[in-house]
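J.: Dropping in start11.cif, which is mmCIF, C-alpha atoms and all ligand atoms:
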data_model
#
loop_
_atom_site.label_atom_id
_atom_site.label_comp_id
_atom_site.auth_asym_id
_atom_site.auth_seq_id
_atom_site.Cartn_x
_atom_site.Cartn_y
_atom_site.Cartn_z
CA MET A 215 -221.17 8.22 105.50
CA THR A 216 -218.09 6.22 104.50
CA LYS A 217 -216.13 6.86 101.34
CA ALA A 218 -217.53 3.64 99.84
CA ASP A 219 -221.09 4.83 100.52
CA GLN A 220 -220.42 8.11 98.74
CA PHE A 221 -219.41 6.11 95.68
CA ASN A 222 -222.82 4.46 95.66
CA THR A 223 -226.18 6.06 94.90
CA PRO A 224 -227.23 8.88 97.23
CA ALA A 225 -230.30 8.17 99.33
CA GLY A 226 -233.76 9.17 98.05
CA PRO A 227 -237.15 7.41 98.02
CA ARG A 228 -236.45 3.70 97.70
CA GLN A 229 -236.73 2.40 94.16
CA LEU A 230 -239.09 -0.55 93.76
CA TYR A 231 -236.65 -2.07 91.28
CA ASP A 232 -234.10 -2.11 94.07
CA CYS A 233 -236.26 -4.42 96.20
CA THR A 234 -236.09 -8.18 96.21
CA ALA A 235 -239.38 -10.05 96.75
CA ASP A 236 -238.25 -10.86 100.33
CA LEU A 237 -237.49 -7.24 101.12
CA LEU A 238 -240.82 -6.07 99.75
CA ARG A 239 -242.65 -8.69 101.85
CA ALA A 240 -240.83 -7.38 104.93
CA SER A 241 -241.82 -3.80 104.00
CA MET A 242 -245.46 -4.90 103.71
CA SER A 243 -245.32 -6.36 107.17
CA ASP A 244 -243.89 -3.01 108.46
CA LEU A 245 -246.94 -1.33 106.91
CA GLY A 246 -249.26 -3.83 108.62
CA GLN A 247 -250.11 -5.48 105.31
CA PRO A 248 -250.31 -9.20 104.50
CA PRO A 249 -247.28 -10.61 102.62
CA TYR A 250 -249.27 -11.31 99.43
CA ARG A 251 -249.47 -7.56 98.81
CA ALA A 252 -245.80 -7.74 97.80
CA GLY A 253 -246.75 -10.23 95.07
CA GLN A 254 -249.51 -7.92 93.85
CA ILE A 255 -247.12 -4.98 93.61
CA LEU A 256 -244.47 -7.02 91.78
CA GLU A 257 -247.13 -8.27 89.36
CA TRP A 258 -248.13 -4.67 88.61
CA VAL A 259 -244.59 -3.51 88.12
CA TYR A 260 -243.01 -6.34 86.15
CA HIS A 261 -245.92 -8.00 84.37
CA ARG A 262 -248.29 -5.12 83.81
CA GLN A 263 -245.60 -2.45 83.51
CA ALA A 264 -247.29 -0.03 85.91
CA ARG A 265 -245.45 3.26 86.05
CA SER A 266 -247.04 4.60 89.22
CA PHE A 267 -248.82 3.38 92.37
CA ASP A 268 -252.05 5.06 91.19
CA GLU A 269 -252.41 2.38 88.54
CA MET A 270 -252.45 -0.43 91.16
CA THR A 271 -256.20 -0.46 91.50
CA ASN A 272 -256.46 -3.63 93.58
CA LEU A 273 -254.64 -1.82 96.43
CA SER A 274 -256.53 0.59 98.68
CA LYS A 275 -256.09 4.32 98.07
CA ASP A 276 -254.55 4.67 101.49
CA LEU A 277 -251.93 2.00 100.83
CA ARG A 278 -251.14 3.50 97.42
CA ARG A 279 -250.51 6.85 99.13
CA GLN A 280 -248.27 5.24 101.76
CA LEU A 281 -246.32 3.38 99.10
CA ALA A 282 -245.84 6.53 97.03
CA GLU A 283 -244.36 8.26 100.09
CA GLN A 284 -241.77 5.53 100.62
CA PHE A 285 -241.02 4.20 97.14
CA CYS A 286 -240.69 5.33 93.56
CA VAL A 287 -241.34 3.10 90.55
CA TYR A 288 -239.16 4.85 87.96
CA GLU A 289 -236.44 7.10 89.32
CA SER A 290 -235.00 8.23 85.99
CA GLU A 291 -236.10 10.66 83.36
CA VAL A 292 -235.49 9.59 79.76
CA VAL A 293 -233.74 12.69 78.44
CA HIS A 294 -232.87 11.50 74.96
CA VAL A 295 -234.00 8.66 72.66
CA SER A 296 -232.44 7.90 69.30
CA ARG A 297 -233.67 5.20 66.97
CA ALA A 298 -231.66 3.90 64.00
CA ALA A 299 -233.15 2.55 60.78
CA ASP A 300 -232.36 -1.03 61.91
CA GLY A 301 -234.54 -0.54 65.02
CA VAL A 302 -231.66 -0.16 67.50
CA THR A 303 -232.90 2.33 70.07
CA LYS A 304 -230.62 4.12 72.51
CA PHE A 305 -231.84 5.85 75.66
CA LEU A 306 -230.06 8.39 77.79
CA LEU A 307 -231.43 8.29 81.36
CA ARG A 308 -230.91 11.01 83.96
CA TRP A 309 -230.94 9.86 87.59
CA ALA A 310 -232.16 11.82 90.60
CA ASP A 311 -228.63 13.09 91.34
CA GLY A 312 -228.28 14.47 87.78
CA GLU A 313 -225.86 11.76 86.53
CA THR A 314 -226.65 10.08 83.20
CA THR A 315 -226.22 6.58 81.76
CA GLU A 316 -227.21 4.80 78.55
CA CYS A 317 -229.16 1.69 77.76
CA VAL A 318 -229.97 0.24 74.35
CA SER A 319 -232.64 -2.01 72.82
CA ILE A 320 -231.32 -4.14 69.95
CA PRO A 321 -233.91 -6.09 67.91
CA SER A 322 -232.79 -9.06 65.86
CA GLY A 323 -235.50 -11.20 64.27
CA GLU A 324 -237.40 -13.01 67.02
CA ARG A 325 -234.99 -11.80 69.66
CA ARG A 326 -234.47 -8.49 71.34
CA THR A 327 -231.54 -7.62 73.56
CA ALA A 328 -231.14 -4.90 76.17
CA CYS A 329 -227.63 -3.54 76.68
CA LEU A 330 -227.18 -2.12 80.19
CA SER A 331 -224.73 0.14 82.00
CA THR A 332 -223.47 -0.66 85.49
CA GLN A 333 -221.57 2.50 86.44
CA VAL A 334 -221.61 6.22 85.69
CA GLY A 335 -218.44 6.27 83.58
CA CYS A 336 -215.80 3.56 83.93
CA PRO A 337 -212.69 3.29 86.11
CA VAL A 338 -210.76 1.12 83.62
CA GLY A 339 -210.09 3.64 80.81
CA CYS A 340 -209.47 1.38 77.80
CA VAL A 341 -207.83 3.56 75.17
CA PHE A 342 -210.47 2.99 72.45
CA CYS A 343 -213.61 3.35 74.61
CA ALA A 344 -215.76 6.44 75.14
CA SER A 345 -217.16 5.18 78.48
CA GLY A 346 -213.93 5.45 80.43
CA MET A 347 -212.76 8.82 79.11
CA GLY A 348 -213.87 10.89 82.08
CA GLY A 349 -213.16 8.17 84.67
CA VAL A 350 -215.91 6.83 86.91
CA ARG A 351 -218.36 9.02 88.86
CA ARG A 352 -220.21 6.37 90.84
CA ASN A 353 -221.76 2.92 90.79
CA LEU A 354 -225.35 2.33 89.71
CA SER A 355 -227.58 0.63 92.27
CA ALA A 356 -229.19 -2.74 91.47
CA GLY A 357 -232.50 -0.92 91.06
CA GLN A 358 -231.04 1.53 88.56
CA ILE A 359 -229.59 -1.34 86.54
CA VAL A 360 -232.97 -3.13 86.52
CA GLU A 361 -234.74 0.12 85.65
CA GLN A 362 -232.64 0.43 82.50
CA ALA A 363 -233.71 -3.07 81.48
CA MET A 364 -237.37 -2.09 82.02
CA VAL A 365 -236.94 1.08 79.94
CA ALA A 366 -235.27 -0.87 77.11
CA ALA A 367 -237.96 -3.57 77.36
CA TYR A 368 -241.07 -1.41 77.35
CA GLN A 369 -240.33 2.11 76.17
CA THR A 370 -239.73 1.24 72.50
CA ASP A 371 -242.09 0.96 69.53
CA ASP A 372 -240.96 -2.64 69.28
CA ASP A 373 -243.39 -5.23 70.63
CA THR A 374 -241.02 -8.22 70.33
CA ARG A 375 -240.52 -9.50 73.88
CA LEU A 376 -237.18 -8.66 75.45
CA SER A 377 -235.34 -12.00 75.33
CA ASN A 378 -231.71 -11.23 76.17
CA VAL A 379 -229.73 -8.91 78.41
CA VAL A 380 -226.08 -7.99 78.00
CA PHE A 381 -223.98 -5.99 80.44
CA MET A 382 -222.03 -4.20 77.72
CA GLY A 383 -223.01 -0.59 78.35
CA ILE A 384 -221.06 1.96 80.37
CA GLY A 385 -218.93 0.67 83.24
CA GLU A 386 -217.18 -2.47 84.41
CA PRO A 387 -219.86 -4.78 85.86
CA LEU A 388 -217.48 -6.77 88.06
CA ALA A 389 -216.17 -3.54 89.62
CA ASN A 390 -219.77 -3.03 90.85
CA TYR A 391 -220.19 -6.66 91.76
CA ASP A 392 -222.97 -6.75 94.38
CA ALA A 393 -225.37 -4.45 92.53
CA THR A 394 -224.76 -6.27 89.25
CA VAL A 395 -225.46 -9.70 90.75
CA GLN A 396 -228.58 -8.46 92.55
CA ALA A 397 -229.83 -6.92 89.29
CA ILE A 398 -229.20 -10.20 87.46
CA ARG A 399 -231.23 -12.08 90.07
CA THR A 400 -234.18 -9.67 89.63
CA ILE A 401 -233.97 -9.78 85.82
CA ASN A 402 -233.90 -13.58 86.04
CA ALA A 403 -236.52 -14.11 88.80
CA ALA A 404 -240.01 -15.41 87.97
CA TRP A 405 -241.38 -12.55 90.12
CA GLY A 406 -239.15 -10.10 88.22
CA MET A 407 -238.41 -9.83 84.51
CA ASN A 408 -238.30 -13.61 84.07
CA ILE A 409 -235.44 -13.70 81.56
CA GLY A 410 -233.45 -16.96 81.54
CA ALA A 411 -229.98 -16.75 83.08
CA ARG A 412 -228.53 -18.29 79.93
CA LYS A 413 -229.88 -15.30 78.03
CA ILE A 414 -227.91 -12.91 80.23
CA THR A 415 -224.28 -12.02 79.44
CA ILE A 416 -221.82 -10.22 81.68
CA SER A 417 -218.97 -8.64 79.78
CA THR A 418 -215.84 -7.91 81.79
CA VAL A 419 -212.38 -6.63 81.23
CA GLY A 420 -211.36 -9.55 83.46
CA LEU A 421 -211.13 -9.44 87.25
CA PRO A 422 -210.11 -12.99 88.17
CA GLU A 423 -211.26 -12.90 91.82
CA GLN A 424 -214.74 -11.66 90.88
CA ILE A 425 -214.99 -14.21 88.05
CA LEU A 426 -214.36 -16.96 90.60
CA ARG A 427 -217.01 -15.45 92.89
CA LEU A 428 -219.48 -15.27 90.03
CA ALA A 429 -218.82 -18.92 89.21
CA ASP A 430 -219.99 -19.77 92.75
CA GLU A 431 -223.24 -17.74 92.57
CA ASN A 432 -225.17 -20.64 91.11
CA LEU A 433 -226.21 -18.52 88.15
CA GLN A 434 -225.99 -19.81 84.60
CA VAL A 435 -225.07 -16.47 83.03
CA THR A 436 -222.71 -16.26 80.07
CA LEU A 437 -219.33 -14.71 80.76
CA ALA A 438 -217.76 -12.58 78.03
CA LEU A 439 -214.12 -11.73 78.54
CA SER A 440 -212.84 -8.57 76.82
CA LEU A 441 -209.42 -9.78 75.68
CA HIS A 442 -208.69 -7.42 72.75
CA ALA A 443 -205.03 -8.44 72.60
CA PRO A 444 -203.43 -11.88 72.45
CA ASN A 445 -200.33 -11.04 74.53
CA ASP A 446 -199.78 -9.23 77.83
CA GLU A 447 -197.61 -6.47 76.39
CA LEU A 448 -200.15 -5.30 73.80
CA ARG A 449 -203.07 -5.86 76.18
CA ALA A 450 -201.49 -3.55 78.78
CA ARG A 451 -201.22 -0.82 76.14
CA LEU A 452 -204.95 -1.03 75.37
CA ILE A 453 -206.40 -1.78 78.81
CA PRO A 454 -204.75 -0.03 81.79
CA TRP A 455 -206.01 -2.65 84.28
CA ALA A 456 -204.33 -5.40 82.25
CA ARG A 457 -201.06 -4.33 83.89
CA ARG A 458 -202.33 -6.01 87.06
CA VAL A 459 -203.68 -9.19 85.47
CA SER A 460 -201.96 -11.56 83.03
CA ILE A 461 -203.72 -13.43 80.24
CA ALA A 462 -202.57 -16.66 81.96
CA GLN A 463 -204.57 -15.65 85.08
CA LEU A 464 -207.62 -14.90 82.92
CA ILE A 465 -207.37 -18.27 81.19
CA GLU A 466 -207.32 -19.94 84.59
CA ALA A 467 -210.36 -17.97 85.80
CA ALA A 468 -212.25 -18.73 82.56
CA ARG A 469 -211.45 -22.44 82.89
CA ASP A 470 -212.75 -22.38 86.44
CA TYR A 471 -215.92 -20.59 85.28
CA PHE A 472 -216.53 -23.27 82.67
CA ALA A 473 -215.81 -26.10 85.12
CA LYS A 474 -218.29 -24.75 87.67
CA THR A 475 -221.08 -23.52 85.37
CA GLY A 476 -220.70 -25.59 82.21
CA ARG A 477 -221.01 -22.33 80.27
CA GLU A 478 -218.56 -21.69 77.45
CA VAL A 479 -216.85 -18.33 77.81
CA THR A 480 -216.95 -15.76 75.00
CA LEU A 481 -213.69 -14.00 74.20
CA GLU A 482 -214.31 -10.52 72.86
CA TYR A 483 -211.74 -8.98 70.59
CA VAL A 484 -212.18 -5.47 69.19
CA LEU A 485 -210.23 -5.29 65.93
CA LEU A 486 -208.18 -2.09 65.75
CA GLY A 487 -206.58 -1.35 62.37
CA ASP A 488 -202.81 -2.05 62.23
CA LEU A 489 -202.70 -2.61 65.98
CA ASN A 490 -204.07 -6.05 66.88
CA ASP A 491 -205.32 -7.29 63.50
CA ARG A 492 -202.22 -8.90 61.97
CA PRO A 493 -201.84 -12.62 61.14
CA GLU A 494 -199.41 -13.08 64.06
CA HIS A 495 -202.11 -11.76 66.42
CA ALA A 496 -204.63 -14.24 65.00
CA ARG A 497 -202.13 -17.06 65.62
CA GLN A 498 -201.50 -15.96 69.21
CA LEU A 499 -205.24 -15.53 69.80
CA ALA A 500 -205.86 -19.07 68.53
CA ASP A 501 -203.29 -20.29 71.08
CA VAL A 502 -205.14 -18.50 73.90
CA ALA A 503 -208.53 -19.78 72.69
CA ARG A 504 -207.26 -23.36 72.54
CA ARG A 505 -206.50 -23.27 76.26
CA MET A 506 -210.15 -22.87 77.32
CA ARG A 507 -213.66 -23.75 76.15
CA CYS A 508 -214.67 -20.59 74.32
CA ASN A 509 -216.13 -18.78 71.34
CA VAL A 510 -214.27 -15.81 69.93
CA ASN A 511 -216.32 -12.74 69.04
CA LEU A 512 -214.48 -10.34 66.75
CA ILE A 513 -215.88 -6.81 66.85
CA LEU A 514 -215.02 -4.05 64.41
CA TYR A 515 -213.88 -0.95 66.27
CA ASN A 516 -216.58 1.71 66.39
CA PRO A 517 -214.94 5.11 65.86
CA VAL A 518 -214.93 7.34 68.95
CA GLU A 519 -214.54 11.08 68.61
CA GLY A 520 -211.19 12.35 69.77
CA VAL A 521 -209.52 8.93 69.50
CA SER A 522 -207.19 8.12 66.61
CA TYR A 523 -207.75 4.39 66.11
CA ALA A 524 -208.98 2.96 62.83
CA ARG A 525 -211.57 0.37 61.93
CA PRO A 526 -209.74 -2.33 59.94
CA GLN A 527 -210.56 -2.89 56.26
CA SER A 528 -213.26 -5.49 55.81
CA GLN A 529 -210.89 -7.89 53.97
CA VAL A 530 -208.35 -7.64 56.81
CA ALA A 531 -211.06 -8.49 59.38
CA HIS A 532 -212.26 -11.44 57.28
CA ALA A 533 -208.71 -12.72 56.75
CA PHE A 534 -208.22 -12.58 60.56
CA LEU A 535 -211.46 -14.51 61.08
CA HIS A 536 -210.53 -17.19 58.53
CA LEU A 537 -207.04 -17.69 59.91
CA LEU A 538 -208.47 -18.04 63.42
CA ARG A 539 -210.95 -20.65 62.18
CA GLU A 540 -208.28 -22.54 60.22
CA LEU A 541 -206.31 -22.78 63.44
CA GLY A 542 -209.30 -24.38 65.14
CA GLY A 543 -210.85 -21.37 66.87
CA ASN A 544 -214.63 -21.14 67.06
CA ALA A 545 -214.96 -17.53 65.88
CA HIS A 546 -217.50 -15.02 64.56
CA LEU A 547 -217.28 -11.49 63.26
CA ARG A 548 -219.96 -9.45 65.00
CA GLN A 549 -221.58 -6.75 62.96
CA SER A 550 -221.73 -3.45 64.82
CA ARG A 551 -225.34 -2.35 64.92
CA GLY A 552 -226.88 1.06 65.33
CA LEU A 553 -223.67 2.74 64.25
CA GLU A 554 -225.64 5.79 63.25
CA VAL A 555 -227.22 6.06 66.73
CA ASP A 556 -224.33 7.96 68.26
CA GLY A 557 -221.81 5.15 67.74
CA ALA A 558 -220.38 3.00 70.49
CA CYS A 559 -221.67 2.90 74.04
CA GLY A 560 -220.66 5.82 76.17
CA GLN A 561 -220.70 8.29 73.29
CA LEU A 562 -224.23 9.54 73.80
CA ARG A 563 -223.43 10.36 77.43
CA ARG A 564 -220.18 12.08 76.43
CA GLN A 565 -221.92 14.22 73.84
CA GLN A 566 -224.41 15.38 76.45
CA LEU A 567 -221.78 16.18 79.07
N1 LIG B 601 -216.49 -2.97 80.83
C1 LIG B 601 -216.95 -4.17 80.26
C2 LIG B 601 -218.34 -4.08 79.67
C3 LIG B 601 -218.68 -2.84 78.94
S1 LIG B 601 -217.77 -2.57 77.42
C4 LIG B 601 -215.98 -4.70 79.23
O1 LIG B 601 -215.06 -3.97 78.85
O2 LIG B 601 -216.11 -5.84 78.83
C5 LIG B 601 -218.54 -3.80 76.37
C6 LIG B 601 -217.73 -4.15 75.15
O3 LIG B 601 -217.69 -3.05 74.22
C7 LIG B 601 -216.29 -4.49 75.47
O4 LIG B 601 -215.88 -5.68 74.85
C8 LIG B 601 -215.58 -3.29 74.92
O5 LIG B 601 -214.27 -3.54 74.65
C9 LIG B 601 -216.40 -2.94 73.71
N2 LIG B 601 -216.10 -1.59 73.20
C10 LIG B 601 -215.81 -0.48 73.90
N3 LIG B 601 -215.56 0.56 73.08
C11 LIG B 601 -215.69 0.10 71.82
C12 LIG B 601 -215.55 0.69 70.53
N4 LIG B 601 -215.24 1.96 70.39
N5 LIG B 601 -215.77 -0.09 69.45
C13 LIG B 601 -216.12 -1.40 69.59
N6 LIG B 601 -216.26 -2.01 70.79
C14 LIG B 601 -216.05 -1.27 71.89
FE1 LIG B 602 -214.62 0.33 80.77
FE2 LIG B 602 -215.33 -1.74 79.22
FE3 LIG B 602 -214.94 0.73 78.19
FE4 LIG B 602 -212.86 -0.64 79.05
S1 LIG B 602 -214.21 -1.19 77.35
S2 LIG B 602 -213.27 1.52 79.47
S3 LIG B 602 -213.70 -1.70 80.79
S4 LIG B 602 -216.51 0.12 79.62
#
When written as structure tokens, how does the structure in this file appear?
Ligand code: SAH
Ligand code: SF4

T.:
Amino acid sequence: MTKADQFNTPAGPRQLYDCTADLLRASMSDLGQPPYRAGQILEWVYHRQARSFDEMTNLSKDLRRQLAEQFCVYESEVVHVSRAADGVTKFLLRWADGETTECVSIPSGERRTACLSTQVGCPVGCVFCASGMGGVRRNLSAGQIVEQAMVAAYQTDDDTRLSNVVFMGIGEPLANYDATVQAIRTINAAWGMNIGARKITISTVGLPEQILRLADENLQVTLALSLHAPNDELRARLIPWARRVSIAQLIEAARDYFAKTGREVTLEYVLLGDLNDRPEHARQLADVARRMRCNVNLILYNPVEGVSYARPQSQVAHAFLHLLRELGGNAHLRQSRGLEVDGACGQLRRQQL
């Protein structure tokens, strides 16, 4: 086993959510089955939400037994569920190797969004974020990422169809590039979860090379860039990996993403009291925003235990928003939801550790 393999999921029974339709067809042929069996299995899993092979009654008992020996449907155990008054439901999943990650279901009128993790922990270590506090333990596999989406979609009391997916849980999605892109393809596929690519958002701290690769994947996903500071000096204080990448490089990558996909980029900016929320920061941010086709999403900092940053006063946040808009920026102030459900992403896992 190479070092890179050790960083990925240890081997166990193959997860069905880890299989593409092509791979499952090939597995059927290995089992001496016709290719259409793969379609039947996918129909059971994604459209009828079967949780075990026993439920797949149009397959022979013998085949169901063989499948159960080689594959699992759900690998994880849901070890904790918390539901806030506004319907936001957070799940803590434990994987076969004992590691845990979080996923969240966020209802909003006709829409419902799943927020997914891509790694166990995060290698970036942004100073205000609970996810990166203990570093990164390993990557999630594509199947584990899809499984979280299925849990968020179907294991809630909410019967509104899951309409959107955001990669804003634990981990840096572009640092686990292949698994994240495979998961997106399954979530998007007609044979899979059938969620439109435009309803899927990847949030990244900004890895220019991977952004360029993503632009060439022929996917129409929305790219959200976690900027959080309008100049390199302040950004490097908040985001350790920003020391390697300048805002100018990110602007270039975002422009390329827009040119290739036609998708406007979202700039995310967590407002931290007295740190990045002053009028001069709004002016600098407007300058950055003007250099690309983007929307700016302002987010109020969600307090994290053991971290001494402050959520700005509401009037300070609104003044920042108005100044940004006056300067021509297309900006919104995003309300933090589910604050009472163990706060920001990564906190539930930390509490359990
Ligand atoms: N690693 C990726 C995606 C996961 S974090 C990224 O950083 O973009 C998703 C978003 O949540 C990021 O914009 C991140 O900055 C934000 N976030 C992290 N901790 C937060 C906190 N305590 N309060 C508010 N937003 C937070
Ligand atoms: Fe990682 Fe994103 Fe948290 Fe930064 S904000 S530590 S990149 S999960």

J.: For a quick check of understanding, using all atoms listed in the file, which of A:Ser377, A:Ser331, A:Thr234, A:Ser528 has the smallest distance to ligand LIG 601 (chain B)?

T.: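 Smallest distance to ligand LIG 601 (chain B) is found for A:Ser331.
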
J.: Could you list, as a PyMOL selection string, all the residues within 9 Å of ligand LIG 602 (chain B), counting only C-alpha atoms and all ligand atoms?

T.: chain A and resi 331+333+335-347+349+382-387+417-420+440+452-455+559-560

J.: Those residues you just picked out, can you put them in a file as a CSV table (one decimal), in the frame of the given file with C-alpha atoms?

T.:
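New file part-v3.csv:
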chain,number,residue,atom,x,y,z
A,331,SER,CA,-224.7,0.1,82.0
A,333,GLN,CA,-221.6,2.5,86.4
A,335,GLY,CA,-218.4,6.3,83.6
A,336,CYS,CA,-215.8,3.6,83.9
A,337,PRO,CA,-212.7,3.3,86.1
A,338,VAL,CA,-210.8,1.1,83.6
A,339,GLY,CA,-210.1,3.6,80.8
A,340,CYS,CA,-209.5,1.4,77.8
A,341,VAL,CA,-207.8,3.6,75.2
A,342,PHE,CA,-210.5,3.0,72.4
A,343,CYS,CA,-213.6,3.4,74.6
A,344,ALA,CA,-215.8,6.4,75.1
A,345,SER,CA,-217.2,5.2,78.5
A,346,GLY,CA,-213.9,5.4,80.4
A,347,MET,CA,-212.8,8.8,79.1
A,349,GLY,CA,-213.2,8.2,84.7
A,382,MET,CA,-222.0,-4.2,77.7
A,383,GLY,CA,-223.0,-0.6,78.4
A,384,ILE,CA,-221.1,2.0,80.4
A,385,GLY,CA,-218.9,0.7,83.2
A,386,GLU,CA,-217.2,-2.5,84.4
A,387,PRO,CA,-219.9,-4.8,85.9
A,417,SER,CA,-219.0,-8.6,79.8
A,418,THR,CA,-215.8,-7.9,81.8
A,419,VAL,CA,-212.4,-6.6,81.2
A,420,GLY,CA,-211.4,-9.6,83.5
A,440,SER,CA,-212.8,-8.6,76.8
A,452,LEU,CA,-205.0,-1.0,75.4
A,453,ILE,CA,-206.4,-1.8,78.8
A,454,PRO,CA,-204.8,0.0,81.8
A,455,TRP,CA,-206.0,-2.6,84.3
A,559,CYS,CA,-221.7,2.9,74.0
A,560,GLY,CA,-220.7,5.8,76.2

J.: Could you work out how far atom CA of Ala264 of chain A lies from atom CA of Cys329 of chain A, giving the answer in Å with one decimal?

T.: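 If I compute the distance from atom CA of Cys329 of chain A to atom CA of Ala264 of chain A, I get 22.0 Å.
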
J.: List the spatial neighbours of Glu324 of chain A as a list in words - criterion: any atom at most 10 Å away, all atoms listed in the file, same-chain residues fewer than 5 positions off excluded.

T.: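 That gives Thr374, Arg375, Leu376 and Ser377 of chain A.
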
J.: Which distance in Å separates atom CA of Asn511 of chain A and atom CA of Asp372 of chain A, to one decimal?

T.: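 One can read the atom CA of Asn511 of chain A to atom CA of Asp372 of chain A distance as 26.6 Å.
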
J.: Do you have the atom CA of Lys413 of chain A-atom CA of Val379 of chain A distance handy?

T.: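 We find that atom CA of Lys413 of chain A and atom CA of Val379 of chain A lie 6.4 Å from each other.
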
J.: Using only C-alpha atoms and all ligand atoms for the distances, tell me which of A:Phe534, A:Tyr288, A:Trp405, A:Tyr483 is nearest to ligand LIG 601 (chain B).

T.: A:Tyr483

J.: Would you list the contacts of segment 310-313 of chain A as a VMD selection string, taking every protein, DNA or RNA residue within 7 Å and counting all atoms listed in the file, but skipping same-chain residues closer than 2 positions in sequence?

T.: chain A and resid 289 to 290 308

J.: Would you pick out the contacts of segment 251-260 of chain A at 10 Å or less, using all atoms listed in the file, so that residues sharing its chain but fewer than 3 positions from it are not included, and give the list as an mmCIF file with C-alpha atoms, in the coordinates of the input?

T.:
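Now in around.cif:
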data_model
loop_
_atom_site.group_PDB
_atom_site.id
_atom_site.type_symbol
_atom_site.label_atom_id
_atom_site.label_comp_id
_atom_site.auth_asym_id
_atom_site.auth_seq_id
_atom_site.Cartn_x
_atom_site.Cartn_y
_atom_site.Cartn_z
ATOM 1 C CA LEU A 230 -239.090 -0.550 93.760
ATOM 2 C CA TYR A 231 -236.650 -2.070 91.280
ATOM 3 C CA CYS A 233 -236.260 -4.420 96.200
ATOM 4 C CA THR A 234 -236.090 -8.180 96.210
ATOM 5 C CA ALA A 235 -239.380 -10.050 96.750
ATOM 6 C CA ASP A 236 -238.250 -10.860 100.330
ATOM 7 C CA LEU A 237 -237.490 -7.240 101.120
ATOM 8 C CA LEU A 238 -240.820 -6.070 99.750
ATOM 9 C CA ARG A 239 -242.650 -8.690 101.850
ATOM 10 C CA ALA A 240 -240.830 -7.380 104.930
ATOM 11 C CA SER A 241 -241.820 -3.800 104.000
ATOM 12 C CA MET A 242 -245.460 -4.900 103.710
ATOM 13 C CA SER A 243 -245.320 -6.360 107.170
ATOM 14 C CA GLN A 247 -250.110 -5.480 105.310
ATOM 15 C CA PRO A 248 -250.310 -9.200 104.500
ATOM 16 C CA GLN A 263 -245.600 -2.450 83.510
ATOM 17 C CA ALA A 264 -247.290 -0.030 85.910
ATOM 18 C CA ARG A 265 -245.450 3.260 86.050
ATOM 19 C CA SER A 266 -247.040 4.600 89.220
ATOM 20 C CA PHE A 267 -248.820 3.380 92.370
ATOM 21 C CA GLU A 269 -252.410 2.380 88.540
ATOM 22 C CA MET A 270 -252.450 -0.430 91.160
ATOM 23 C CA THR A 271 -256.200 -0.460 91.500
ATOM 24 C CA ASN A 272 -256.460 -3.630 93.580
ATOM 25 C CA LEU A 273 -254.640 -1.820 96.430
ATOM 26 C CA VAL A 287 -241.340 3.100 90.550
ATOM 27 C CA TYR A 288 -239.160 4.850 87.960
ATOM 28 C CA MET A 364 -237.370 -2.090 82.020
ATOM 29 C CA ILE A 401 -233.970 -9.780 85.820
ATOM 30 C CA ALA A 404 -240.010 -15.410 87.970
ATOM 31 C CA TRP A 405 -241.380 -12.550 90.120
ATOM 32 C CA GLY A 406 -239.150 -10.100 88.220
ATOM 33 C CA MET A 407 -238.410 -9.830 84.510
ATOM 34 C CA ASN A 408 -238.300 -13.610 84.070
#

J.: Quick one: what's the axis-aligned box for ligand LIG 601 (chain B), all listed atoms, 3 Å on every side, centre and edges in Å to one decimal, as AutoDock Vina command-line options?

T.:
--center_x -216.5 --center_y -1.9 --center_z 75.1 --size_x 10.4 --size_y 13.8 --size_z 17.4

J.: Just give me the residues with any atom within 7 Å of (-203.2, -0.5, 58.8), file coordinates, counting all atoms listed in the file, written as number ranges by chain.

T.: A: 487-488, 526

J.: Please determine, counting all atoms listed in the file, which residue among A:Ile409, A:Ala456, A:Val502, A:Leu485 has the shortest atom-to-atom distance to Asn516 of chain A.

T.: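 Answer, going by the shortest atom-to-atom distance: A:Leu485.
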
J.: From the options A:Thr327, A:Ser522, A:Thr400, A:Thr314, which residue's atoms come nearest to ligand LIG 601 (chain B), counting only C-alpha atoms and all ligand atoms?

T.: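 Result for the nearest residue to ligand LIG 601 (chain B): A:Ser522.
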
J.: Select, from A:Arg412, A:His442, A:Arg458, A:Arg297, the residue with the minimum atom-to-atom distance to ligand LIG 601 (chain B), counting all atoms listed in the file.

T.: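 The shortest atom-to-atom distance to ligand LIG 601 (chain B) comes from A:His442.
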
J.: Give me, as a CSV table (one decimal) with C-alpha atoms, in the frame of the given file, all polymer residues having an atom no more than 9 Å from Leu354 of chain A, counting all atoms listed in the file and skipping those fewer than 2 positions away in the same chain.

T.:
chain,number,residue,atom,x,y,z
A,222,ASN,CA,-222.8,4.5,95.7
A,223,THR,CA,-226.2,6.1,94.9
A,331,SER,CA,-224.7,0.1,82.0
A,332,THR,CA,-223.5,-0.7,85.5
A,333,GLN,CA,-221.6,2.5,86.4
A,334,VAL,CA,-221.6,6.2,85.7
A,352,ARG,CA,-220.2,6.4,90.8
A,356,ALA,CA,-229.2,-2.7,91.5
A,357,GLY,CA,-232.5,-0.9,91.1
A,358,GLN,CA,-231.0,1.5,88.6
A,359,ILE,CA,-229.6,-1.3,86.5
A,390,ASN,CA,-219.8,-3.0,90.8
A,393,ALA,CA,-225.4,-4.4,92.5
A,394,THR,CA,-224.8,-6.3,89.2

J.: Residues at most 8 Å from Cys317 of chain A, counting all atoms listed in the file, excluding those fewer than 5 positions away in the same chain, as a ChimeraX atom specification?

T.: /A:304-307,328-331,362-363,366,383
